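Undergrad: Structure: start05.cif, mmCIF, C-alpha atoms and all ligand atoms.
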data_protein
loop_
_atom_site.group_PDB
_atom_site.id
_atom_site.type_symbol
_atom_site.label_atom_id
_atom_site.label_comp_id
_atom_site.auth_asym_id
_atom_site.auth_seq_id
_atom_site.Cartn_x
_atom_site.Cartn_y
_atom_site.Cartn_z
ATOM 1 C CA MET V 29 82.859 -56.761 -35.779
ATOM 2 C CA ARG V 30 79.542 -55.092 -36.195
ATOM 3 C CA SER V 31 77.794 -55.067 -39.464
ATOM 4 C CA ALA V 32 76.796 -51.655 -40.610
ATOM 5 C CA PRO V 33 73.100 -51.058 -40.540
ATOM 6 C CA ALA V 34 71.539 -51.476 -43.908
ATOM 7 C CA PRO V 35 70.722 -48.168 -45.469
ATOM 8 C CA THR V 36 67.110 -47.525 -44.793
ATOM 9 C CA ASP V 37 65.057 -46.349 -47.688
ATOM 10 C CA PRO V 38 61.710 -45.388 -46.302
ATOM 11 C CA ASP V 39 58.930 -44.287 -48.545
ATOM 12 C CA PRO V 40 59.713 -40.745 -49.479
ATOM 13 C CA VAL V 41 57.342 -38.320 -47.870
ATOM 14 C CA ALA V 42 56.694 -34.781 -48.925
ATOM 15 C CA GLU V 43 54.896 -32.086 -47.050
ATOM 16 C CA VAL V 44 52.205 -30.120 -48.780
ATOM 17 C CA ALA V 45 49.883 -27.424 -47.531
ATOM 18 C CA CYS V 46 46.162 -27.948 -47.367
ATOM 19 C CA PRO V 47 44.539 -25.676 -49.947
ATOM 20 C CA GLU V 48 41.741 -24.920 -47.512
ATOM 21 C CA CYS V 49 43.533 -24.075 -44.308
ATOM 22 C CA ASP V 50 47.268 -24.208 -45.106
ATOM 23 C CA ALA V 51 47.847 -26.976 -42.617
ATOM 24 C CA PRO V 52 50.930 -29.043 -43.419
ATOM 25 C CA VAL V 53 50.055 -32.534 -44.536
ATOM 26 C CA ALA V 54 52.562 -35.305 -45.123
ATOM 27 C CA VAL V 55 51.938 -37.303 -48.248
ATOM 28 C CA SER V 56 53.932 -40.233 -49.531
ATOM 29 C CA VAL V 57 55.343 -39.809 -52.990
ATOM 30 C CA PRO V 58 55.953 -42.673 -55.409
ATOM 31 C CA ASP V 59 59.561 -41.690 -55.876
ATOM 32 C CA ARG V 60 61.794 -39.005 -54.538
ATOM 33 C CA GLU V 61 61.961 -37.225 -57.874
ATOM 34 C CA ALA V 62 58.229 -36.664 -57.936
ATOM 35 C CA GLU V 63 56.961 -33.214 -57.131
ATOM 36 C CA PRO V 64 53.612 -33.267 -55.427
ATOM 37 C CA THR V 65 51.161 -30.692 -56.679
ATOM 38 C CA VAL V 66 48.012 -29.928 -54.743
ATOM 39 C CA ARG V 67 44.798 -29.628 -56.655
ATOM 40 C CA PRO V 68 41.457 -28.846 -55.062
ATOM 41 C CA TYR V 69 39.674 -30.977 -57.607
ATOM 42 C CA VAL V 70 40.193 -34.337 -59.210
ATOM 43 C CA ALA V 71 41.260 -34.787 -62.786
ATOM 44 C CA ALA V 72 40.816 -37.924 -64.789
ATOM 45 C CA PHE V 73 44.481 -38.362 -65.500
ATOM 46 C CA GLY V 74 47.778 -38.591 -63.764
ATOM 47 C CA ASP V 75 49.099 -40.283 -60.696
ATOM 48 C CA HIS V 76 47.396 -38.892 -57.679
ATOM 49 C CA SER V 77 46.379 -39.711 -54.190
ATOM 50 C CA VAL V 78 43.852 -38.284 -51.811
ATOM 51 C CA ALA V 79 45.183 -36.492 -48.776
ATOM 52 C CA ARG V 80 43.334 -35.264 -45.751
ATOM 53 C CA CYS V 81 44.485 -32.577 -43.385
ATOM 54 C CA SER V 82 43.971 -32.583 -39.645
ATOM 55 C CA ALA V 83 40.872 -30.434 -40.102
ATOM 56 C CA GLY V 84 39.313 -33.042 -42.351
ATOM 57 C CA HIS V 85 39.687 -31.262 -45.670
ATOM 58 C CA GLU V 86 40.237 -33.664 -48.510
ATOM 59 C CA PHE V 87 42.260 -32.721 -51.512
ATOM 60 C CA TRP V 88 44.122 -34.370 -54.313
ATOM 61 C CA VAL V 89 47.847 -34.527 -54.728
ATOM 62 C CA TYR V 90 49.279 -35.062 -58.174
ATOM 63 C CA TYR V 91 52.794 -36.057 -59.061
ATOM 64 C CA CYS V 92 54.510 -34.697 -62.069
HETATM 65 ZN ZN ZN H 1 42.637 -28.197 -44.264
#
Turn this file's structure into structure tokens for me.
Ligand SMILES: [Zn+2]
TA:
Amino acid sequence: MRSAPAPTDPDPVAEVACPECDAPVAVSVPDREAEPTVRPYVAAFGDHSVARCSAGHEFWVYYC
């Protein structure tokens, strides 16, 4: 009798577009309900992380 594989729960990942060149960038989100919002600038509030596209553009992703 085989045991069923445990349900995997990888970190949810969302795809956002680079604001500079529209390249798709995968960002991890803190939970699957979070909606990543791309901002070209940093604000002093909110959960955010820095993402970088394949062309080297850095931008901020906020979760609301
Ligand atoms: Zn880019």
Undergrad: Which polymer residues have any atom within 10 Å of an atom of Tyr69 (chain V), counting all atoms listed in the file, with same-chain residues fewer than 5 positions away left out, as a PDB file with C-alpha atoms, keeping the file's coordinate frame?
TA:
ATOM      1  CA  GLU V  86      40.237 -33.664 -48.510  1.00  0.00           C
ATOM      2  CA  PHE V  87      42.260 -32.721 -51.512  1.00  0.00           C
ATOM      3  CA  TRP V  88      44.122 -34.370 -54.313  1.00  0.00           C
ATOM      4  CA  VAL V  89      47.847 -34.527 -54.728  1.00  0.00           C
TER       5      VAL V  89
END
Undergrad: With the PyMOL selection byres (((not hetatm)) within 9 of (chain H and resi 1)) as the selection, what would be picked from this file? Answer as a ChimeraX atom specification, please.
TA: /V:45-53,80-87
Undergrad: Expressed in Å to a single decimal, how great is the separation between CA of Asp39 (chain V) and CA of Ala62 (chain V)?
TA: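 Here the two named atoms are 12.1 Å from each other.
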Undergrad: Name the closest residue to Glu63 (chain V) among the candidates V:Pro38, V:Cys92, V:Val78, V:Val44; distances are taken between atoms, counting only C-alpha atoms.
TA: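 Once distances to Glu63 (chain V) are computed over only C-alpha atoms, the minimum belongs to V:Cys92.
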Undergrad: So how many Å separate CA of Ala79 (chain V) and CA of Glu61 (chain V), to one decimal?
TA: 19.1 Å
Undergrad: Counting all atoms listed in the file, which of V:Arg30, V:Gly74, V:Arg67, V:Tyr90 gets nearest to Ala42 (chain V)?
TA: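 Ranked by minimum distance to Ala42 (chain V), first place goes to V:Tyr90.
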Undergrad: So what do you get for CA of Asp75 (chain V) versus CA of Val57 (chain V), distance-wise?
TA: 9.9 Å
Undergrad: Select, from V:Val55, V:Ser77, V:Arg60, V:Val70, the residue with the minimum atom-to-atom distance to Glu43 (chain V), counting only C-alpha atoms.
TA: V:Val55
Undergrad: Set up a box along x, y and z of the file covering all listed atoms of region 50-58 of chain V, add 6 Å on every one of the six sides, and write the centre and edge lengths in Å to one decimal, as AutoDock Vina command-line options.
TA:
--center_x 51.6 --center_y -33.4 --center_z -49.0 --size_x 20.7 --size_y 30.5 --size_z 24.8
